[in-house]
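For reference, the structure is listed below as structure tokens.
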Amino acid sequence: MNTSVFTKNIKITYFRPMETVVSGIRSTGNLHLGNYYGAIQNFVKMQHEYNCYFFIADLHSLTTHPTPADLHGNVKQVLIEYLAAGIDPEKSTIYVQSDVPEVAELYLYLNMNAYLGELERSTSFKDKVRTQPDNVNAGLLTYPVLMAADIIIHKAVKVPVGKDQEQHLEMSRTFANRFNRLYNTEYFPEPYAFNFSENLVKIPGLDGKGKMGKSEGEGNAVYLSDSPEVIRKKVMKAVTDSGPTTENQEKPDEIQNLFDLMKVVSAPDTYKHFDDLYNSCQIRYGDLKKQLGEDIIVATSPIRDRIKDISTDPSYLRQVARHGAIKARESAARTIKEVREIIGFRNF
Ligand code: TRP
């Protein structure tokens with residue numbers, strides 16, 4: 001917060017410089033409730049307190065060789081859904097990674113000090129080697145270097161990402177520090193993972209197992225762009241058991257999951273109503289699911305409406321992407337100019 005001190009008639013305002021937040025979003029298909037309640041809702045709140053950059057990581061997605069049409073379609077869809085979910089282009093800088101070539105330039109410089117051994121040890125790289133042995137390209141190997149470039153190009157210190165990205169962030173700190181040490185400067189600050197809220201909500205999937213996710217199979221995830229009919233169908237198909245047999249018994253995972261979802265989208269009274277029914281062994285899962293489906297539909301309807309509106313407004317999308325690219329490039333170009341000087345690229 002800025003504090004004001006009044007001295008006679010003169011108002012002096014001390015500004016606390018806003019810290020910079022960066023997060024990248026992979027352009028791989030539609031957003032689901034887990035993305036929304038687990039991450040985007042937080043981004044939306046952060047916009048007021050931080051200097052936020054949210055970008056669509058289309059360069060990263062080239063490791064899997066998408067067709068030009070798929071690449072473009074996915075980037076557009078992510079942009080539409082982020083805007084629909086409340087990321088405000090007036091407050092945050094929203095941009096497409098490939099619109100900022102300075103990122104690729106910094107990536108090149110950082111690659112000179114990233115070593116094969118450490119890159120091969122990254123768990124995400126090892127996973128890819130296992131799951132796609134026919135496509136272990138150099139872009140995959142240096143994925144963490146590109147991610148470091150994404151972050152430090154804006155000198156960001158806070159990076160809102162999930163637990164699975166911790167190792168990548170640690171590598172970002174390593175690359176930033178190594179650059180600093182090599183050139184005997186303190187130019188790049190260290191970026192850290194950032195949880196804006198104390199307890200991030202984990203959204204379970206509908207398959208009775210773990211969290212909601214794209215890769216867990218059709219039907220496990222409810223997408224923000226799903227129509228009410230599709231949402232109803234998916235929720236009615238959610239896995240349940242044969243019902244409680246003793247009062248106040250602990251809920252098995254698949255039932256707890258439905259209650260966890262209900263906690264997020266339904267009114268507290270509704271939650272209590274079904275919780276009481278469960279505890280007194282009178283619950284009918286069909287009723288629970290019907291209610292849950294309707295409440296998901298209501299909770300997501302403003303986003304669904306905005307997705308529809310924005311999708312039919314290509315000139316707005318173009319404007320947002322252009323404006324974001326200009327703002328992001330301003331910041332990135334400043335860094336690259338200084339980095340070039342530090343490295344020793346100078347005019348004759
Ligand atoms: N690796 C991130 C993911 O898989 C996406 C990403 C790319 C990112 N560059 C980033 C996240 C920079 C935060 C900051 O989700």
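Each chain in the structure tokens gets a letter, A, B and so on, in the order shown; residues start at 1 in every chain, and ligands are counted from 1 in the order they appear.
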Within 7 Å of ligand 1 (only C-alpha atoms and all ligand atoms), residues as JSON, numbers by chain: {"A": [22, 23, 24, 25, 26, 57, 60, 146, 147, 148, 150, 151, 159, 160, 161, 165]}
Enumerate, in order of chain and increasing residue number, the residues of segment 299-323 of chain A with an atom no farther than 9 Å from segment 95-109 of chain A, each with its shortest atom pair and distance in Å to one decimal, counting only C-alpha atoms, as a Markdown table.
```
| residue | atom | partner | partner_atom | distance |
| --- | --- | --- | --- | --- |
| A:Val320 | CA | A:Tyr95 | CA | 8.0 |
| A:Ala321 | CA | A:Tyr95 | CA | 5.7 |
| A:Arg322 | CA | A:Tyr95 | CA | 7.9 |
| A:His323 | CA | A:Tyr95 | CA | 8.1 |
```
Could you save the residues just selected, with C-alpha atoms, as a tab-separated table (two decimals), in the first residue's frame?
```tsv
chain	number	residue	atom	x	y	z
A	320	VAL	CA	-5.66	-7.22	-26.59
A	321	ALA	CA	-2.82	-9.25	-28.11
A	322	ARG	CA	-1.25	-6.18	-29.75
A	323	HIS	CA	-1.51	-4.06	-26.63
```
Give me the residues of segment 9-109 of chain A that have any atom at most 12 Å from an atom of segment 257-269 of chain A; for each, the nearest atom pair and the distance in Å, rounded to one decimal. Use only C-alpha atoms, sort by chain and number, and format it as CSV.
```
residue,atom,partner,partner_atom,distance
A:Leu33,CA,A:Leu261,CA,9.4
A:Gly34,CA,A:Leu261,CA,9.9
A:Tyr36,CA,A:Val264,CA,11.2
A:Tyr37,CA,A:Val264,CA,8.2
A:Gly38,CA,A:Val264,CA,10.7
```
File of the preceding selection, N, CA, C and O atoms, as a PDB file, in the first residue's frame:
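Okay, result35.pdb is ready:
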```
ATOM      1  N   LEU A  33     -12.469 -26.542 -14.512  1.00  0.00           N
ATOM      2  CA  LEU A  33     -12.742 -25.956 -13.191  1.00  0.00           C
ATOM      3  C   LEU A  33     -11.509 -25.949 -12.298  1.00  0.00           C
ATOM      4  O   LEU A  33     -11.324 -25.034 -11.499  1.00  0.00           O
ATOM      5  N   GLY A  34     -10.660 -26.967 -12.436  1.00  0.00           N
ATOM      6  CA  GLY A  34      -9.429 -27.030 -11.642  1.00  0.00           C
ATOM      7  C   GLY A  34      -8.511 -25.865 -11.961  1.00  0.00           C
ATOM      8  O   GLY A  34      -7.963 -25.226 -11.063  1.00  0.00           O
ATOM      9  N   TYR A  36      -9.450 -23.041 -13.150  1.00  0.00           N
ATOM     10  CA  TYR A  36     -10.091 -21.799 -12.732  1.00  0.00           C
ATOM     11  C   TYR A  36      -9.984 -21.571 -11.225  1.00  0.00           C
ATOM     12  O   TYR A  36      -9.443 -20.568 -10.777  1.00  0.00           O
ATOM     13  N   TYR A  37     -10.502 -22.539 -10.450  1.00  0.00           N
ATOM     14  CA  TYR A  37     -10.508 -22.330  -8.991  1.00  0.00           C
ATOM     15  C   TYR A  37      -9.125 -22.506  -8.370  1.00  0.00           C
ATOM     16  O   TYR A  37      -8.826 -21.949  -7.324  1.00  0.00           O
ATOM     17  N   GLY A  38      -8.274 -23.300  -9.022  1.00  0.00           N
ATOM     18  CA  GLY A  38      -6.953 -23.558  -8.463  1.00  0.00           C
ATOM     19  C   GLY A  38      -5.916 -22.512  -8.833  1.00  0.00           C
ATOM     20  O   GLY A  38      -4.912 -22.370  -8.156  1.00  0.00           O
TER      21      GLY A  38
END
```
Nearest candidate to Gly117 of chain A (options A:Ala176, A:Ile203, A:Leu141, A:Leu292; using only C-alpha atoms): A:Leu141
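Proximity to Thr174 of chain A was assessed for A:Val222, A:Pro133, A:Ala114, A:Arg121 counting only C-alpha atoms; the smallest distance is recorded for A:Ala114.
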Quick one: residues within 12 Å of His72 of chain A, only C-alpha atoms, excluding same-chain residues fewer than 2 positions away - as a compact mmCIF listing (two decimals) with all heavy atoms, in the first residue's frame?
```txt
# COMPACT_ATOMS: atom_id res chain seq x y z
N SER A 27 -0.41 -23.55 -24.04
CA SER A 27 -1.60 -23.47 -24.90
C SER A 27 -1.99 -24.87 -25.35
O SER A 27 -1.77 -25.25 -26.48
CB SER A 27 -1.29 -22.59 -26.12
OG SER A 27 0.00 -22.85 -26.62
N THR A 28 -2.53 -25.62 -24.41
CA THR A 28 -2.94 -26.99 -24.74
C THR A 28 -4.40 -27.18 -24.37
O THR A 28 -4.72 -27.75 -23.34
CB THR A 28 -2.11 -28.03 -23.96
OG1 THR A 28 -2.10 -27.64 -22.58
CG2 THR A 28 -0.71 -28.15 -24.47
N GLY A 29 -5.29 -26.66 -25.21
CA GLY A 29 -6.71 -26.96 -25.04
C GLY A 29 -7.41 -26.14 -23.98
O GLY A 29 -6.86 -25.18 -23.46
N ILE A 56 0.98 -16.57 -22.92
CA ILE A 56 0.61 -17.87 -23.48
C ILE A 56 1.86 -18.48 -24.08
O ILE A 56 2.47 -17.90 -24.98
CB ILE A 56 -0.52 -17.70 -24.51
CG1 ILE A 56 -1.72 -17.08 -23.77
CG2 ILE A 56 -0.88 -19.03 -25.14
CD1 ILE A 56 -2.77 -16.52 -24.67
N ALA A 57 2.25 -19.63 -23.54
CA ALA A 57 3.56 -20.21 -23.86
C ALA A 57 3.52 -21.00 -25.16
O ALA A 57 3.59 -22.22 -25.17
CB ALA A 57 4.02 -21.07 -22.69
N ASP A 58 3.42 -20.29 -26.27
CA ASP A 58 3.33 -21.01 -27.54
C ASP A 58 4.69 -21.51 -28.03
O ASP A 58 4.76 -22.52 -28.73
CB ASP A 58 2.60 -20.17 -28.61
CG ASP A 58 3.27 -18.84 -28.92
OD1 ASP A 58 4.15 -18.41 -28.14
OD2 ASP A 58 2.93 -18.24 -29.95
N LEU A 59 5.77 -20.82 -27.66
CA LEU A 59 7.09 -21.35 -28.05
C LEU A 59 7.33 -22.70 -27.38
O LEU A 59 7.80 -23.65 -28.01
CB LEU A 59 8.21 -20.38 -27.65
CG LEU A 59 8.25 -19.02 -28.34
CD1 LEU A 59 9.37 -18.16 -27.76
CD2 LEU A 59 8.44 -19.18 -29.84
N SER A 61 5.21 -24.85 -26.64
CA SER A 61 4.36 -25.91 -27.21
C SER A 61 4.95 -26.47 -28.51
O SER A 61 4.50 -27.50 -29.00
CB SER A 61 2.93 -25.41 -27.41
OG SER A 61 2.85 -24.59 -28.54
N LEU A 62 5.94 -25.80 -29.08
CA LEU A 62 6.54 -26.30 -30.33
C LEU A 62 7.29 -27.62 -30.15
O LEU A 62 7.57 -28.32 -31.13
CB LEU A 62 7.49 -25.26 -30.94
CG LEU A 62 6.87 -23.96 -31.44
CD1 LEU A 62 7.94 -23.07 -32.05
CD2 LEU A 62 5.78 -24.26 -32.48
N PRO A 66 3.04 -28.97 -33.16
CA PRO A 66 1.63 -28.80 -33.58
C PRO A 66 1.55 -28.30 -35.02
O PRO A 66 2.49 -27.66 -35.50
CB PRO A 66 1.12 -27.72 -32.62
CG PRO A 66 2.34 -26.95 -32.20
CD PRO A 66 3.46 -27.95 -32.19
N THR A 67 0.43 -28.59 -35.69
CA THR A 67 0.24 -28.01 -37.02
C THR A 67 -0.02 -26.51 -36.84
O THR A 67 -0.48 -26.09 -35.77
CB THR A 67 -1.00 -28.61 -37.74
OG1 THR A 67 -2.17 -28.21 -37.00
CG2 THR A 67 -0.93 -30.13 -37.81
N PRO A 68 0.27 -25.70 -37.88
CA PRO A 68 0.04 -24.25 -37.74
C PRO A 68 -1.40 -23.95 -37.31
O PRO A 68 -1.63 -23.07 -36.47
CB PRO A 68 0.33 -23.72 -39.14
CG PRO A 68 1.31 -24.70 -39.71
CD PRO A 68 0.93 -26.04 -39.16
N ALA A 69 -2.37 -24.68 -37.86
CA ALA A 69 -3.76 -24.39 -37.52
C ALA A 69 -4.05 -24.73 -36.05
O ALA A 69 -4.71 -23.96 -35.35
CB ALA A 69 -4.70 -25.17 -38.43
N ASP A 70 -3.54 -25.86 -35.59
CA ASP A 70 -3.76 -26.23 -34.18
C ASP A 70 -3.08 -25.24 -33.25
O ASP A 70 -3.65 -24.83 -32.24
CB ASP A 70 -3.19 -27.63 -33.88
CG ASP A 70 -4.11 -28.72 -34.42
OD1 ASP A 70 -5.23 -28.38 -34.85
OD2 ASP A 70 -3.69 -29.90 -34.41
N ASN A 74 -5.24 -23.09 -30.58
CA ASN A 74 -5.04 -23.27 -29.13
C ASN A 74 -4.67 -21.96 -28.45
O ASN A 74 -5.14 -21.66 -27.35
CB ASN A 74 -3.94 -24.30 -28.87
CG ASN A 74 -4.44 -25.71 -29.13
OD1 ASN A 74 -5.64 -25.98 -29.11
ND2 ASN A 74 -3.51 -26.62 -29.38
N VAL A 75 -3.80 -21.19 -29.09
CA VAL A 75 -3.38 -19.91 -28.50
C VAL A 75 -4.60 -19.00 -28.36
O VAL A 75 -4.82 -18.37 -27.33
CB VAL A 75 -2.29 -19.25 -29.36
CG1 VAL A 75 -2.04 -17.81 -28.93
CG2 VAL A 75 -1.00 -20.05 -29.30
N LYS A 76 -5.40 -18.98 -29.41
CA LYS A 76 -6.58 -18.12 -29.40
C LYS A 76 -7.55 -18.54 -28.30
O LYS A 76 -8.10 -17.70 -27.57
CB LYS A 76 -7.25 -18.23 -30.78
CG LYS A 76 -8.40 -17.29 -30.96
CD LYS A 76 -8.89 -17.31 -32.39
CE LYS A 76 -10.31 -16.79 -32.44
NZ LYS A 76 -11.02 -17.19 -33.63
N GLN A 77 -7.76 -19.85 -28.17
CA GLN A 77 -8.70 -20.36 -27.16
C GLN A 77 -8.24 -19.99 -25.74
O GLN A 77 -9.04 -19.57 -24.91
CB GLN A 77 -8.86 -21.88 -27.30
CG GLN A 77 -10.01 -22.47 -26.51
CD GLN A 77 -11.37 -21.88 -26.90
OE1 GLN A 77 -11.56 -21.41 -28.03
NE2 GLN A 77 -12.31 -21.87 -25.96
N VAL A 78 -6.95 -20.13 -25.47
CA VAL A 78 -6.45 -19.79 -24.13
C VAL A 78 -6.65 -18.30 -23.88
O VAL A 78 -7.10 -17.88 -22.81
CB VAL A 78 -4.96 -20.17 -23.96
CG1 VAL A 78 -4.43 -19.70 -22.62
CG2 VAL A 78 -4.78 -21.66 -24.07
N LEU A 79 -6.35 -17.50 -24.88
CA LEU A 79 -6.52 -16.05 -24.72
C LEU A 79 -7.99 -15.73 -24.40
O LEU A 79 -8.29 -15.00 -23.46
CB LEU A 79 -6.06 -15.33 -26.00
CG LEU A 79 -6.12 -13.81 -25.97
CD1 LEU A 79 -5.26 -13.24 -24.84
CD2 LEU A 79 -5.66 -13.22 -27.30
N VAL A 96 1.28 -13.03 -25.98
CA VAL A 96 1.65 -14.30 -26.58
C VAL A 96 3.19 -14.32 -26.63
O VAL A 96 3.81 -13.39 -27.14
CB VAL A 96 1.04 -14.44 -27.99
CG1 VAL A 96 1.42 -15.76 -28.62
CG2 VAL A 96 -0.48 -14.27 -27.93
N SER A 98 5.47 -15.77 -28.35
CA SER A 98 6.19 -15.62 -29.62
C SER A 98 6.13 -14.19 -30.17
O SER A 98 6.83 -13.85 -31.10
CB SER A 98 5.63 -16.59 -30.66
OG SER A 98 4.26 -16.33 -30.87
```
Computed interatomic separation between atom CA of Met18 of chain A and atom CA of Glu166 of chain A (Å): 23.4 Å
Residues of segment 12-225 of chain A in alpha helix (DSSP H), written as an MDAnalysis selection string: chainID A and resid 33:35 41:46 58:61 68:84 101:111 116:120 123:131 138:141 143:152 166:182
For Ser122 of chain A, the nearest of the candidates A:His168, A:Lys251, A:His48, A:Lys155, counting only C-alpha atoms: A:His168
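If you measure from each of A:Gly162, A:Lys308, A:Ser242, A:Lys126 to Val201 of chain A using only C-alpha atoms, the closest one turns out to be A:Gly162.
Checking A:Thr64, A:Asn195, A:Thr185, A:Ser215 one by one against Ile40 of chain A, counting only C-alpha atoms, you find the shortest gap at A:Asn195.
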Near Thr246 of chain A, counting only C-alpha atoms, which residues have an atom at most 12 Å away, once you skip same-chain residues fewer than 5 positions from it, shown as a compact mmCIF listing (two decimals) with N, CA, C and O atoms, in the first residue's frame?
```txt
# COMPACT_ATOMS: atom_id res chain seq x y z
N LYS A 251 -16.32 -40.37 4.65
CA LYS A 251 -16.68 -40.48 3.24
C LYS A 251 -15.53 -41.08 2.45
O LYS A 251 -14.39 -40.67 2.61
N LEU A 277 -27.68 -35.30 5.24
CA LEU A 277 -28.32 -36.50 4.67
C LEU A 277 -27.32 -37.67 4.63
O LEU A 277 -27.68 -38.82 4.92
N TYR A 278 -26.09 -37.34 4.28
CA TYR A 278 -25.07 -38.41 4.25
C TYR A 278 -24.87 -38.99 5.64
O TYR A 278 -24.90 -40.20 5.84
N ASN A 279 -24.72 -38.08 6.59
CA ASN A 279 -24.41 -38.53 7.95
C ASN A 279 -25.55 -39.31 8.60
O ASN A 279 -25.33 -40.11 9.49
N SER A 280 -26.79 -39.08 8.09
CA SER A 280 -27.91 -39.85 8.65
C SER A 280 -28.29 -40.99 7.70
O SER A 280 -29.38 -41.58 7.82
N CYS A 281 -27.43 -41.30 6.78
CA CYS A 281 -27.61 -42.42 5.83
C CYS A 281 -28.87 -42.29 4.97
O CYS A 281 -29.45 -43.28 4.56
N GLN A 282 -29.29 -41.05 4.72
CA GLN A 282 -30.51 -40.88 3.90
C GLN A 282 -30.21 -40.28 2.53
O GLN A 282 -31.12 -39.91 1.80
N ILE A 283 -28.94 -40.19 2.24
CA ILE A 283 -28.57 -39.48 1.01
C ILE A 283 -28.95 -40.28 -0.24
O ILE A 283 -28.90 -41.51 -0.25
```
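Residues in contact with Asp305 of chain A at up to 12 Å, not including ones fewer than 3 positions away on its chain and judged by only C-alpha atoms, are Ile80, Glu81, Leu83, Ala84, Ala85, Leu224, Ser225, Asp226, Ser227, Pro228, Ile297, Val298, Ala299, Thr300, Ser301, Pro302, Lys308, Asp309, Ile310, Ser311 and Thr312 of chain A.
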Next, dump the selected residues to file, keeping only C-alpha atoms, as a CSV table (one decimal), in the first residue's frame.
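Result saved to part-v1.csv:
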```
chain,number,residue,atom,x,y,z
A,80,ILE,CA,-10.3,-16.1,-24.9
A,81,GLU,CA,-10.7,-18.1,-21.8
A,83,LEU,CA,-10.1,-12.9,-20.6
A,84,ALA,CA,-13.5,-14.5,-20.0
A,85,ALA,CA,-12.2,-15.7,-16.6
A,224,LEU,CA,-15.4,-23.7,-18.7
A,225,SER,CA,-16.7,-23.9,-22.2
A,226,ASP,CA,-18.9,-27.0,-21.6
A,227,SER,CA,-22.6,-26.4,-22.3
A,228,PRO,CA,-25.0,-26.9,-19.4
A,297,ILE,CA,-23.8,-24.4,-14.3
A,298,VAL,CA,-24.8,-21.3,-12.3
A,299,ALA,CA,-21.2,-20.7,-11.0
A,300,THR,CA,-19.7,-20.8,-14.4
A,301,SER,CA,-22.4,-19.2,-16.4
A,302,PRO,CA,-20.9,-15.7,-16.5
A,308,LYS,CA,-19.2,-16.7,-26.3
A,309,ASP,CA,-19.0,-12.9,-26.6
A,310,ILE,CA,-15.3,-12.7,-26.9
A,311,SER,CA,-15.1,-15.6,-29.4
A,312,THR,CA,-17.2,-13.6,-31.8
```
Nearest candidate to Val230 of chain A (options A:Ile296, A:Ile87, A:Met112, A:Leu119; using only C-alpha atoms): A:Ile296
